[in-house]
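One file, start.cif, carrying mmCIF, C-alpha atoms, pLDDT in the B column; chains and numbers go by the auth columns:
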```cif
data_upload
loop_
_atom_site.group_PDB
_atom_site.id
_atom_site.type_symbol
_atom_site.label_atom_id
_atom_site.label_comp_id
_atom_site.label_asym_id
_atom_site.label_seq_id
_atom_site.Cartn_x
_atom_site.Cartn_y
_atom_site.Cartn_z
_atom_site.B_iso_or_equiv
_atom_site.auth_seq_id
_atom_site.auth_asym_id
ATOM 1 C CA PRO A 1 20.123 -13.197 -28.173 38.00 1 A
ATOM 2 C CA ALA A 2 19.469 -16.936 -28.301 38.00 2 A
ATOM 3 C CA ASN A 3 21.960 -19.736 -28.741 38.00 3 A
ATOM 4 C CA SER A 4 19.824 -22.743 -29.509 38.00 4 A
ATOM 5 C CA GLY A 5 21.433 -26.090 -28.870 38.00 5 A
ATOM 6 C CA ASP A 6 21.014 -28.797 -31.509 36.00 6 A
ATOM 7 C CA GLU A 7 19.077 -30.958 -29.057 40.00 7 A
ATOM 8 C CA GLN A 8 15.400 -30.045 -29.051 43.00 8 A
ATOM 9 C CA THR A 9 13.250 -30.416 -25.973 44.00 9 A
ATOM 10 C CA GLU A 10 11.806 -33.907 -25.788 47.00 10 A
ATOM 11 C CA ASN A 11 8.493 -32.415 -24.662 45.00 11 A
ATOM 12 C CA GLY A 12 7.900 -30.872 -28.065 53.00 12 A
ATOM 13 C CA VAL A 13 4.896 -28.750 -27.190 87.00 13 A
ATOM 14 C CA VAL A 14 6.121 -27.110 -23.970 95.00 14 A
ATOM 15 C CA LEU A 15 8.911 -24.591 -23.616 97.00 15 A
ATOM 16 C CA GLY A 16 10.299 -24.944 -20.086 97.00 16 A
ATOM 17 C CA VAL A 17 11.993 -21.823 -18.693 97.00 17 A
ATOM 18 C CA ASP A 18 14.429 -21.739 -15.771 95.00 18 A
ATOM 19 C CA LEU A 19 14.925 -18.268 -14.201 94.00 19 A
ATOM 20 C CA ASN A 20 18.154 -17.359 -12.418 91.00 20 A
ATOM 21 C CA VAL A 21 19.373 -14.719 -9.961 88.00 21 A
ATOM 22 C CA ASP A 22 22.861 -14.820 -11.519 89.00 22 A
ATOM 23 C CA GLY A 23 24.380 -15.842 -14.853 93.00 23 A
ATOM 24 C CA TYR A 24 21.794 -16.146 -17.613 95.00 24 A
ATOM 25 C CA LEU A 25 18.464 -14.620 -16.626 96.00 25 A
ATOM 26 C CA ALA A 26 16.468 -17.326 -18.410 97.00 26 A
ATOM 27 C CA VAL A 27 17.405 -20.699 -19.876 97.00 27 A
ATOM 28 C CA ALA A 28 14.926 -22.503 -22.134 97.00 28 A
ATOM 29 C CA SER A 29 14.388 -26.225 -22.650 95.00 29 A
ATOM 30 C CA THR A 30 15.446 -25.770 -26.306 94.00 30 A
ATOM 31 C CA GLY A 31 18.952 -24.871 -25.149 94.00 31 A
ATOM 32 C CA ALA A 32 18.492 -21.107 -25.617 96.00 32 A
ATOM 33 C CA PHE A 33 20.344 -18.944 -23.063 97.00 33 A
ATOM 34 C CA LEU A 34 18.633 -15.567 -22.739 97.00 34 A
ATOM 35 C CA GLY A 35 19.407 -12.321 -20.939 97.00 35 A
ATOM 36 C CA ASN A 36 22.009 -11.629 -18.273 97.00 36 A
ATOM 37 C CA ALA A 37 20.946 -11.509 -14.615 95.00 37 A
ATOM 38 C CA ASP A 38 24.401 -10.248 -13.554 95.00 38 A
ATOM 39 C CA TYR A 39 24.103 -7.264 -15.911 95.00 39 A
ATOM 40 C CA LEU A 40 20.614 -6.455 -14.609 94.00 40 A
ATOM 41 C CA ASN A 41 21.813 -6.675 -10.998 94.00 41 A
ATOM 42 C CA HIS A 42 24.919 -4.601 -11.799 95.00 42 A
ATOM 43 C CA LYS A 43 22.759 -1.760 -13.167 94.00 43 A
ATOM 44 C CA ARG A 44 20.600 -1.858 -10.059 93.00 44 A
ATOM 45 C CA ASP A 45 23.604 -1.962 -7.662 94.00 45 A
ATOM 46 C CA GLU A 46 25.170 0.975 -9.495 94.00 46 A
ATOM 47 C CA TYR A 47 21.998 2.993 -8.911 94.00 47 A
ATOM 48 C CA GLU A 48 21.860 2.020 -5.219 93.00 48 A
ATOM 49 C CA ARG A 49 25.482 3.149 -4.743 94.00 49 A
ATOM 50 C CA ARG A 50 24.860 6.493 -6.425 94.00 50 A
ATOM 51 C CA ARG A 51 21.641 6.952 -4.464 92.00 51 A
ATOM 52 C CA GLY A 52 23.518 6.315 -1.190 94.00 52 A
ATOM 53 C CA ASN A 53 26.149 8.935 -2.071 94.00 53 A
ATOM 54 C CA LEU A 54 23.515 11.494 -3.087 93.00 54 A
ATOM 55 C CA GLN A 55 21.470 10.864 0.060 91.00 55 A
ATOM 56 C CA GLN A 56 24.532 11.764 2.139 92.00 56 A
ATOM 57 C CA THR A 57 24.736 15.064 0.250 91.00 57 A
ATOM 58 C CA GLY A 58 21.172 15.780 1.326 88.00 58 A
ATOM 59 C CA THR A 59 20.578 18.798 -0.912 92.00 59 A
ATOM 60 C CA ARG A 60 17.401 19.429 -2.893 91.00 60 A
ATOM 61 C CA SER A 61 19.228 18.981 -6.199 94.00 61 A
ATOM 62 C CA ALA A 62 20.650 15.651 -4.936 93.00 62 A
ATOM 63 C CA HIS A 63 17.098 14.551 -4.094 92.00 63 A
ATOM 64 C CA LEU A 64 15.909 15.477 -7.614 94.00 64 A
ATOM 65 C CA THR A 65 18.881 13.625 -9.135 93.00 65 A
ATOM 66 C CA ILE A 66 17.954 10.508 -7.139 92.00 66 A
ATOM 67 C CA LYS A 67 14.425 10.650 -8.588 93.00 67 A
ATOM 68 C CA SER A 68 15.727 11.214 -12.102 94.00 68 A
ATOM 69 C CA ILE A 69 18.250 8.332 -11.968 93.00 69 A
ATOM 70 C CA GLY A 70 15.657 6.093 -10.280 93.00 70 A
ATOM 71 C CA SER A 71 13.079 6.520 -13.017 93.00 71 A
ATOM 72 C CA ARG A 72 15.776 6.052 -15.686 94.00 72 A
ATOM 73 C CA VAL A 73 16.912 2.754 -14.119 94.00 73 A
ATOM 74 C CA ALA A 74 13.283 1.629 -13.752 93.00 74 A
ATOM 75 C CA ARG A 75 12.639 2.358 -17.452 95.00 75 A
ATOM 76 C CA TRP A 76 15.854 0.614 -18.510 96.00 76 A
ATOM 77 C CA SER A 77 15.027 -2.473 -16.362 95.00 77 A
ATOM 78 C CA ALA A 78 11.468 -2.683 -17.706 95.00 78 A
ATOM 79 C CA ASP A 79 12.749 -2.398 -21.293 97.00 79 A
ATOM 80 C CA TYR A 80 15.395 -5.071 -20.677 97.00 80 A
ATOM 81 C CA LEU A 81 12.791 -7.495 -19.269 97.00 81 A
ATOM 82 C CA HIS A 82 10.496 -6.671 -22.196 97.00 82 A
ATOM 83 C CA ARG A 83 13.244 -7.716 -24.639 97.00 83 A
ATOM 84 C CA VAL A 84 14.068 -10.953 -22.795 98.00 84 A
ATOM 85 C CA SER A 85 10.368 -11.869 -22.557 98.00 85 A
ATOM 86 C CA LYS A 86 9.995 -11.236 -26.292 98.00 86 A
ATOM 87 C CA ALA A 87 12.916 -13.594 -26.954 98.00 87 A
ATOM 88 C CA ILE A 88 11.314 -16.294 -24.738 98.00 88 A
ATOM 89 C CA VAL A 89 7.995 -16.098 -26.603 98.00 89 A
ATOM 90 C CA GLN A 90 9.813 -16.059 -29.951 97.00 90 A
ATOM 91 C CA GLU A 91 11.698 -19.213 -28.906 97.00 91 A
ATOM 92 C CA ALA A 92 8.366 -20.912 -28.157 97.00 92 A
ATOM 93 C CA VAL A 93 6.844 -19.802 -31.483 96.00 93 A
ATOM 94 C CA GLU A 94 9.877 -20.888 -33.553 95.00 94 A
ATOM 95 C CA ASN A 95 9.826 -24.317 -31.922 94.00 95 A
ATOM 96 C CA ASP A 96 6.068 -24.830 -32.463 94.00 96 A
ATOM 97 C CA CYS A 97 5.328 -24.922 -28.729 95.00 97 A
ATOM 98 C CA THR A 98 1.766 -24.529 -27.498 94.00 98 A
ATOM 99 C CA ALA A 99 2.712 -23.599 -23.926 96.00 99 A
ATOM 100 C CA ILE A 100 5.448 -22.012 -21.828 97.00 100 A
ATOM 101 C CA ALA A 101 6.179 -23.370 -18.339 97.00 101 A
ATOM 102 C CA PHE A 102 7.816 -21.521 -15.445 96.00 102 A
ATOM 103 C CA GLU A 103 8.542 -22.615 -11.894 93.00 103 A
ATOM 104 C CA ASP A 104 5.845 -21.378 -9.533 91.00 104 A
ATOM 105 C CA LEU A 105 7.515 -18.340 -7.961 83.00 105 A
ATOM 106 C CA THR A 106 5.359 -18.482 -4.826 78.00 106 A
ATOM 107 C CA HIS A 107 6.764 -21.944 -4.070 67.00 107 A
ATOM 108 C CA ILE A 108 10.431 -21.259 -4.708 61.00 108 A
ATOM 109 C CA ARG A 109 11.618 -20.850 -1.137 54.00 109 A
ATOM 110 C CA GLU A 110 15.376 -21.283 -1.246 58.00 110 A
ATOM 111 C CA ARG A 111 16.263 -19.289 -4.349 59.00 111 A
ATOM 112 C CA ILE A 112 13.678 -16.544 -4.006 61.00 112 A
ATOM 113 C CA SER A 113 14.177 -16.000 -0.272 64.00 113 A
ATOM 114 C CA THR A 114 17.862 -15.322 -0.919 65.00 114 A
ATOM 115 C CA ALA A 115 17.049 -13.157 -3.936 73.00 115 A
ATOM 116 C CA SER A 116 16.796 -9.408 -3.509 83.00 116 A
ATOM 117 C CA LYS A 117 13.435 -7.644 -3.713 85.00 117 A
ATOM 118 C CA PHE A 118 14.601 -6.329 -7.090 90.00 118 A
ATOM 119 C CA GLN A 119 15.277 -9.846 -8.408 89.00 119 A
ATOM 120 C CA GLN A 120 11.908 -11.052 -7.154 87.00 120 A
ATOM 121 C CA TRP A 121 10.282 -8.105 -8.932 90.00 121 A
ATOM 122 C CA ALA A 122 12.269 -8.892 -12.113 93.00 122 A
ATOM 123 C CA PHE A 123 11.097 -12.533 -12.124 93.00 123 A
ATOM 124 C CA ARG A 124 7.454 -11.529 -11.653 93.00 124 A
ATOM 125 C CA GLU A 125 7.715 -8.769 -14.246 95.00 125 A
ATOM 126 C CA LEU A 126 9.398 -11.060 -16.795 96.00 126 A
ATOM 127 C CA GLN A 127 6.679 -13.675 -16.372 96.00 127 A
ATOM 128 C CA ARG A 128 3.967 -11.000 -16.656 96.00 128 A
ATOM 129 C CA HIS A 129 5.483 -9.762 -19.939 97.00 129 A
ATOM 130 C CA VAL A 130 5.689 -13.333 -21.265 98.00 130 A
ATOM 131 C CA GLU A 131 2.032 -13.998 -20.393 97.00 131 A
ATOM 132 C CA TYR A 132 0.944 -10.831 -22.165 96.00 132 A
ATOM 133 C CA LYS A 133 2.998 -11.518 -25.319 97.00 133 A
ATOM 134 C CA ALA A 134 2.170 -15.250 -25.394 97.00 134 A
ATOM 135 C CA GLU A 135 -1.537 -14.396 -25.569 96.00 135 A
ATOM 136 C CA GLU A 136 -0.989 -12.778 -28.987 95.00 136 A
ATOM 137 C CA TYR A 137 0.183 -16.156 -30.325 95.00 137 A
ATOM 138 C CA GLY A 138 -2.445 -18.236 -28.525 95.00 138 A
ATOM 139 C CA LEU A 139 0.187 -19.792 -26.224 96.00 139 A
ATOM 140 C CA ASP A 140 -0.627 -20.900 -22.677 95.00 140 A
ATOM 141 C CA VAL A 141 1.675 -19.897 -19.833 96.00 141 A
ATOM 142 C CA ASP A 142 1.593 -22.068 -16.728 95.00 142 A
ATOM 143 C CA ASP A 143 3.456 -22.661 -13.461 93.00 143 A
ATOM 144 C CA VAL A 144 4.796 -25.951 -12.147 94.00 144 A
ATOM 145 C CA ALA A 145 6.024 -26.966 -8.691 89.00 145 A
ATOM 146 C CA PRO A 146 9.782 -26.327 -8.591 85.00 146 A
ATOM 147 C CA ALA A 147 10.763 -29.213 -6.293 86.00 147 A
ATOM 148 C CA TYR A 148 13.738 -31.238 -7.600 89.00 148 A
ATOM 149 C CA THR A 149 13.724 -29.689 -11.095 91.00 149 A
ATOM 150 C CA SER A 150 17.442 -28.970 -10.673 91.00 150 A
ATOM 151 C CA GLN A 151 18.263 -32.451 -9.242 92.00 151 A
ATOM 152 C CA ARG A 152 16.353 -34.651 -11.710 95.00 152 A
ATOM 153 C CA CYS A 153 18.004 -36.021 -14.859 96.00 153 A
ATOM 154 C CA SER A 154 15.987 -34.789 -17.845 93.00 154 A
ATOM 155 C CA HIS A 155 17.552 -37.224 -20.299 88.00 155 A
ATOM 156 C CA GLY A 156 15.202 -39.629 -22.073 81.00 156 A
ATOM 157 C CA GLU A 157 13.575 -42.090 -19.712 84.00 157 A
ATOM 158 C CA CYS A 158 16.215 -41.727 -16.991 93.00 158 A
ATOM 159 C CA GLY A 159 14.679 -39.265 -14.510 92.00 159 A
ATOM 160 C CA PHE A 160 17.156 -40.206 -11.766 95.00 160 A
ATOM 161 C CA THR A 161 16.931 -37.582 -8.999 94.00 161 A
ATOM 162 C CA HIS A 162 19.781 -36.861 -6.593 92.00 162 A
ATOM 163 C CA GLU A 163 21.218 -33.651 -5.107 93.00 163 A
ATOM 164 C CA ASP A 164 24.747 -34.702 -6.118 91.00 164 A
ATOM 165 C CA ASN A 165 23.721 -34.746 -9.806 91.00 165 A
ATOM 166 C CA ARG A 166 24.194 -30.966 -9.829 93.00 166 A
ATOM 167 C CA ASP A 167 27.388 -29.072 -9.091 91.00 167 A
ATOM 168 C CA GLY A 168 27.009 -25.358 -9.805 90.00 168 A
ATOM 169 C CA ASP A 169 26.417 -24.888 -13.535 91.00 169 A
ATOM 170 C CA GLU A 170 27.294 -28.517 -14.241 94.00 170 A
ATOM 171 C CA PHE A 171 24.810 -31.380 -14.253 94.00 171 A
ATOM 172 C CA GLU A 172 26.045 -34.939 -14.557 93.00 172 A
ATOM 173 C CA CYS A 173 23.623 -37.764 -13.821 93.00 173 A
ATOM 174 C CA LEU A 174 25.107 -40.255 -11.337 92.00 174 A
ATOM 175 C CA LYS A 175 23.008 -42.995 -12.932 93.00 175 A
ATOM 176 C CA CYS A 176 23.115 -42.565 -16.730 93.00 176 A
ATOM 177 C CA GLY A 177 26.117 -40.205 -16.961 90.00 177 A
ATOM 178 C CA LYS A 178 24.287 -37.545 -19.023 91.00 178 A
ATOM 179 C CA ASP A 179 26.297 -34.319 -18.878 93.00 179 A
ATOM 180 C CA LEU A 180 24.693 -30.937 -19.650 92.00 180 A
ATOM 181 C CA HIS A 181 24.336 -27.357 -18.412 95.00 181 A
ATOM 182 C CA ALA A 182 22.481 -27.445 -15.080 94.00 182 A
ATOM 183 C CA ASP A 183 20.012 -24.673 -15.955 95.00 183 A
ATOM 184 C CA TYR A 184 19.249 -26.276 -19.327 96.00 184 A
ATOM 185 C CA ASN A 185 18.571 -29.553 -17.506 95.00 185 A
ATOM 186 C CA ALA A 186 16.248 -27.729 -15.060 94.00 186 A
ATOM 187 C CA ALA A 187 14.391 -26.007 -17.924 96.00 187 A
ATOM 188 C CA ARG A 188 13.765 -29.380 -19.593 95.00 188 A
ATOM 189 C CA ASN A 189 12.379 -30.719 -16.306 94.00 189 A
ATOM 190 C CA ILE A 190 10.088 -27.700 -15.929 95.00 190 A
ATOM 191 C CA GLY A 191 8.652 -28.349 -19.402 94.00 191 A
ATOM 192 C CA TRP A 192 8.372 -32.088 -18.683 92.00 192 A
ATOM 193 C CA ARG A 193 6.531 -31.385 -15.421 92.00 193 A
ATOM 194 C CA LEU A 194 3.817 -29.380 -17.193 93.00 194 A
ATOM 195 C CA VAL A 195 3.328 -32.234 -19.664 91.00 195 A
ATOM 196 C CA GLN A 196 2.981 -34.643 -16.716 89.00 196 A
ATOM 197 C CA HIS A 197 0.400 -32.320 -15.161 86.00 197 A
ATOM 198 C CA TRP A 198 -1.594 -32.353 -18.415 85.00 198 A
ATOM 199 C CA LEU A 199 -1.462 -36.149 -18.596 85.00 199 A
ATOM 200 C CA LYS A 200 -2.684 -36.520 -15.007 85.00 200 A
ATOM 201 C CA SER A 201 -5.491 -34.032 -15.405 80.00 201 A
ATOM 202 C CA GLY A 202 -6.406 -35.227 -18.892 72.00 202 A
ATOM 203 C CA THR A 203 -5.900 -31.793 -20.435 64.00 203 A
ATOM 204 C CA GLY A 204 -3.395 -32.608 -23.153 55.00 204 A
ATOM 205 C CA ARG A 205 -2.792 -30.131 -25.961 51.00 205 A
#
```

Transcribe the structure of this file into structure tokens.
Amino acid sequence: PANSGDEQTENGVVLGVDLNVDGYLAVASTGAFLGNADYLNHKRDEYERRRGNLQQTGTRSAHLTIKSIGSRVARWSADYLHRVSKAIVQEAVENDCTAIAFEDLTHIRERISTASKFQQWAFRELQRHVEYKAEEYGLDVDDVAPAYTSQRCSHGECGFTHEDNRDGDEFECLKCGKDLHADYNAARNIGWRLVQHWLKSGTGR
């Protein structure tokens, strides 16, 4: 389920991945839009609604139904994240990447603090699946600091950073005028940041 844009990541060896609580679940620095966070959340909300109704019933059979639906939703969610993670790793392999970069989830304050416990679990689970699958292909998976990845222009040598560059799903650089999907721009910055980390620490690939 990938729609690769014709513009490849300028980092070459790193696939940057931007995770989202709504819209596309993951956007890659190659221009691939993967998974659907809204669909995942919808499934979960549906379960919570049904659970609430059954809890009010309070019978033993209602309790057993809650358990049955709960484990079915858990299995469906895990399978969905498995498929999205597989698509992320495949995107990295097809584009000859040697590493996959995510934002460090422990440092994302604003987005994660407003995310539900379920979404936080989904992000962690998705990353865990990616790490496991990436190992099979000898790919590294690393975290980068998330600060300003959504405000920085990822185009060429520009790098102009300003909060007004981004407006919802739209990113338009106030300096160079580059116009692209905001999550795609963020994903490119995440990949770029890992490359910068390598250069500083002298651990290039």

Please evaluate the PyMOL selection byres ((chain A and resi 100) around 9) against the displayed coordinates and give the resulting residues as a tab-separated table (two decimals) with C-alpha atoms, in the coordinates of the input.
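The result, stored in out.tsv:
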```tsv
chain	number	residue	atom	x	y	z
A	13	VAL	CA	4.90	-28.75	-27.19
A	14	VAL	CA	6.12	-27.11	-23.97
A	15	LEU	CA	8.91	-24.59	-23.62
A	16	GLY	CA	10.30	-24.94	-20.09
A	17	VAL	CA	11.99	-21.82	-18.69
A	88	ILE	CA	11.31	-16.29	-24.74
A	89	VAL	CA	8.00	-16.10	-26.60
A	92	ALA	CA	8.37	-20.91	-28.16
A	97	CYS	CA	5.33	-24.92	-28.73
A	98	THR	CA	1.77	-24.53	-27.50
A	99	ALA	CA	2.71	-23.60	-23.93
A	101	ALA	CA	6.18	-23.37	-18.34
A	102	PHE	CA	7.82	-21.52	-15.44
A	130	VAL	CA	5.69	-13.33	-21.26
A	131	GLU	CA	2.03	-14.00	-20.39
A	134	ALA	CA	2.17	-15.25	-25.39
A	139	LEU	CA	0.19	-19.79	-26.22
A	140	ASP	CA	-0.63	-20.90	-22.68
A	141	VAL	CA	1.68	-19.90	-19.83
A	142	ASP	CA	1.59	-22.07	-16.73
A	143	ASP	CA	3.46	-22.66	-13.46
A	191	GLY	CA	8.65	-28.35	-19.40
A	194	LEU	CA	3.82	-29.38	-17.19
```

Residues proximal to (14.8, -24.5, -19.5) were defined as those with any atom within 8 Å of that point in the file's coordinates, counting all atoms listed in the file. Which are they, as a short mmCIF file (atom, residue, chain, number, x, y, z; two decimals) with C-alpha atoms, in the frame of the given file?
```cif
data_model
loop_
_atom_site.label_atom_id
_atom_site.label_comp_id
_atom_site.auth_asym_id
_atom_site.auth_seq_id
_atom_site.Cartn_x
_atom_site.Cartn_y
_atom_site.Cartn_z
CA LEU A 15 8.91 -24.59 -23.62
CA GLY A 16 10.30 -24.94 -20.09
CA VAL A 17 11.99 -21.82 -18.69
CA ASP A 18 14.43 -21.74 -15.77
CA ALA A 26 16.47 -17.33 -18.41
CA VAL A 27 17.40 -20.70 -19.88
CA ALA A 28 14.93 -22.50 -22.13
CA SER A 29 14.39 -26.22 -22.65
CA THR A 30 15.45 -25.77 -26.31
CA GLY A 31 18.95 -24.87 -25.15
CA ALA A 32 18.49 -21.11 -25.62
CA ASP A 183 20.01 -24.67 -15.96
CA TYR A 184 19.25 -26.28 -19.33
CA ASN A 185 18.57 -29.55 -17.51
CA ALA A 186 16.25 -27.73 -15.06
CA ALA A 187 14.39 -26.01 -17.92
CA ARG A 188 13.76 -29.38 -19.59
CA ASN A 189 12.38 -30.72 -16.31
CA ILE A 190 10.09 -27.70 -15.93
CA GLY A 191 8.65 -28.35 -19.40
#
```

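Using all atoms listed in the file, the nearest neighbour of Trp121 of chain A within the list A:Leu54, A:Val93, A:Val21, A:Leu34 is A:Val21.
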
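Compared by their closest atoms to Tyr47 of chain A, and using only C-alpha atoms, the residues A:Val73, A:Leu105, A:Ala62, A:Leu25 rank with A:Val73 nearest.
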
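Summary of the local environment: counting only C-alpha atoms, residues at most 10 Å from Arg152 of chain A, other than itself and those fewer than 6 positions away along its chain, are A:Cys158, A:Gly159, A:Phe160, A:Thr161, A:His162, A:Glu163, A:Asn165, A:Arg166, A:Phe171, A:Cys173, A:Asn185, A:Ala186, A:Arg188, A:Asn189.
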
Result set of the PyMOL selection byres ((chain A and resi 146) around 8) on the coordinates above, as a compact mmCIF listing (two decimals) with C-alpha atoms, in the frame of the given file:
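File written: expr35.txt
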```
# COMPACT_ATOMS: atom_id res chain seq x y z
CA GLU A 103 8.54 -22.62 -11.89
CA ASP A 104 5.84 -21.38 -9.53
CA HIS A 107 6.76 -21.94 -4.07
CA ILE A 108 10.43 -21.26 -4.71
CA VAL A 144 4.80 -25.95 -12.15
CA ALA A 145 6.02 -26.97 -8.69
CA ALA A 147 10.76 -29.21 -6.29
CA TYR A 148 13.74 -31.24 -7.60
CA THR A 149 13.72 -29.69 -11.10
CA ILE A 190 10.09 -27.70 -15.93
```

Closest to Gln120 of chain A among A:His63, A:Arg72, A:Thr106, A:Lys133, using only C-alpha atoms?
-> A:Thr106

Spatial neighbours of Leu81 of chain A, max dist 10 Å, all atoms listed in the file, sep filter under 3 positions, as a PDB file with C-alpha atoms, keeping the file's coordinate frame:
```pdb
ATOM      1  CA  LEU A  25      18.464 -14.620 -16.626  1.00 96.00           C
ATOM      2  CA  GLY A  35      19.407 -12.321 -20.939  1.00 97.00           C
ATOM      3  CA  LEU A  40      20.614  -6.455 -14.609  1.00 94.00           C
ATOM      4  CA  TRP A  76      15.854   0.614 -18.510  1.00 96.00           C
ATOM      5  CA  SER A  77      15.027  -2.473 -16.362  1.00 95.00           C
ATOM      6  CA  ALA A  78      11.468  -2.683 -17.706  1.00 95.00           C
ATOM      7  CA  VAL A  84      14.068 -10.953 -22.795  1.00 98.00           C
ATOM      8  CA  SER A  85      10.368 -11.869 -22.557  1.00 98.00           C
ATOM      9  CA  LYS A  86       9.995 -11.236 -26.292  1.00 98.00           C
ATOM     10  CA  ALA A  87      12.916 -13.594 -26.954  1.00 98.00           C
ATOM     11  CA  ALA A 122      12.269  -8.892 -12.113  1.00 93.00           C
ATOM     12  CA  PHE A 123      11.097 -12.533 -12.124  1.00 93.00           C
ATOM     13  CA  GLU A 125       7.715  -8.769 -14.246  1.00 95.00           C
ATOM     14  CA  LEU A 126       9.398 -11.060 -16.795  1.00 96.00           C
ATOM     15  CA  GLN A 127       6.679 -13.675 -16.372  1.00 96.00           C
ATOM     16  CA  ARG A 128       3.967 -11.000 -16.656  1.00 96.00           C
ATOM     17  CA  HIS A 129       5.483  -9.762 -19.939  1.00 97.00           C
ATOM     18  CA  VAL A 130       5.689 -13.333 -21.265  1.00 98.00           C
TER      19      VAL A 130
END
```

From atom CA of Leu180 of chain A to atom CA of Arg124 of chain A the spacing works out at 27.2 Å

Atom CA of Ala182 of chain A to atom CA of Ser150 of chain A, straight-line distance in Å |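 Between atom CA of Ser150 of chain A and atom CA of Ala182 of chain A the gap works out to 6.9 Å.
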
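With only C-alpha atoms as the atoms that count, the residue of A:Asn95, A:Asn53, A:Ser71, A:Asn41 with the shortest distance to Lys117 of chain A is A:Asn41.
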
Mind telling me what the PyMOL selection byres ((chain A and resi 169) around 6) catches here, as a ChimeraX atom specification?
-> /A:168,170,181-182

What is the distance between atom CA of Asn36 of chain A and atom CA of Gly23 of chain A, in Å to one decimal?
->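 Atom CA of Asn36 of chain A sits 5.9 Å away from atom CA of Gly23 of chain A.
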
Around segment 122-128 of chain A, fit a box with edges along x, y and z, padding it by 8 Å on each side, then list its centre and edge lengths in Å to one decimal as lines of an AutoDock Vina configuration file.
```
center_x = 8.1
center_y = -11.2
center_z = -14.2
size_x = 24.3
size_y = 20.9
size_z = 21.1
```

Which residue of A:Asp96, A:Phe33, A:His42, A:Lys67 approaches Gly138 of chain A most closely, using only C-alpha atoms |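 That would be A:Asp96, the residue with the smallest distance to Gly138 of chain A.
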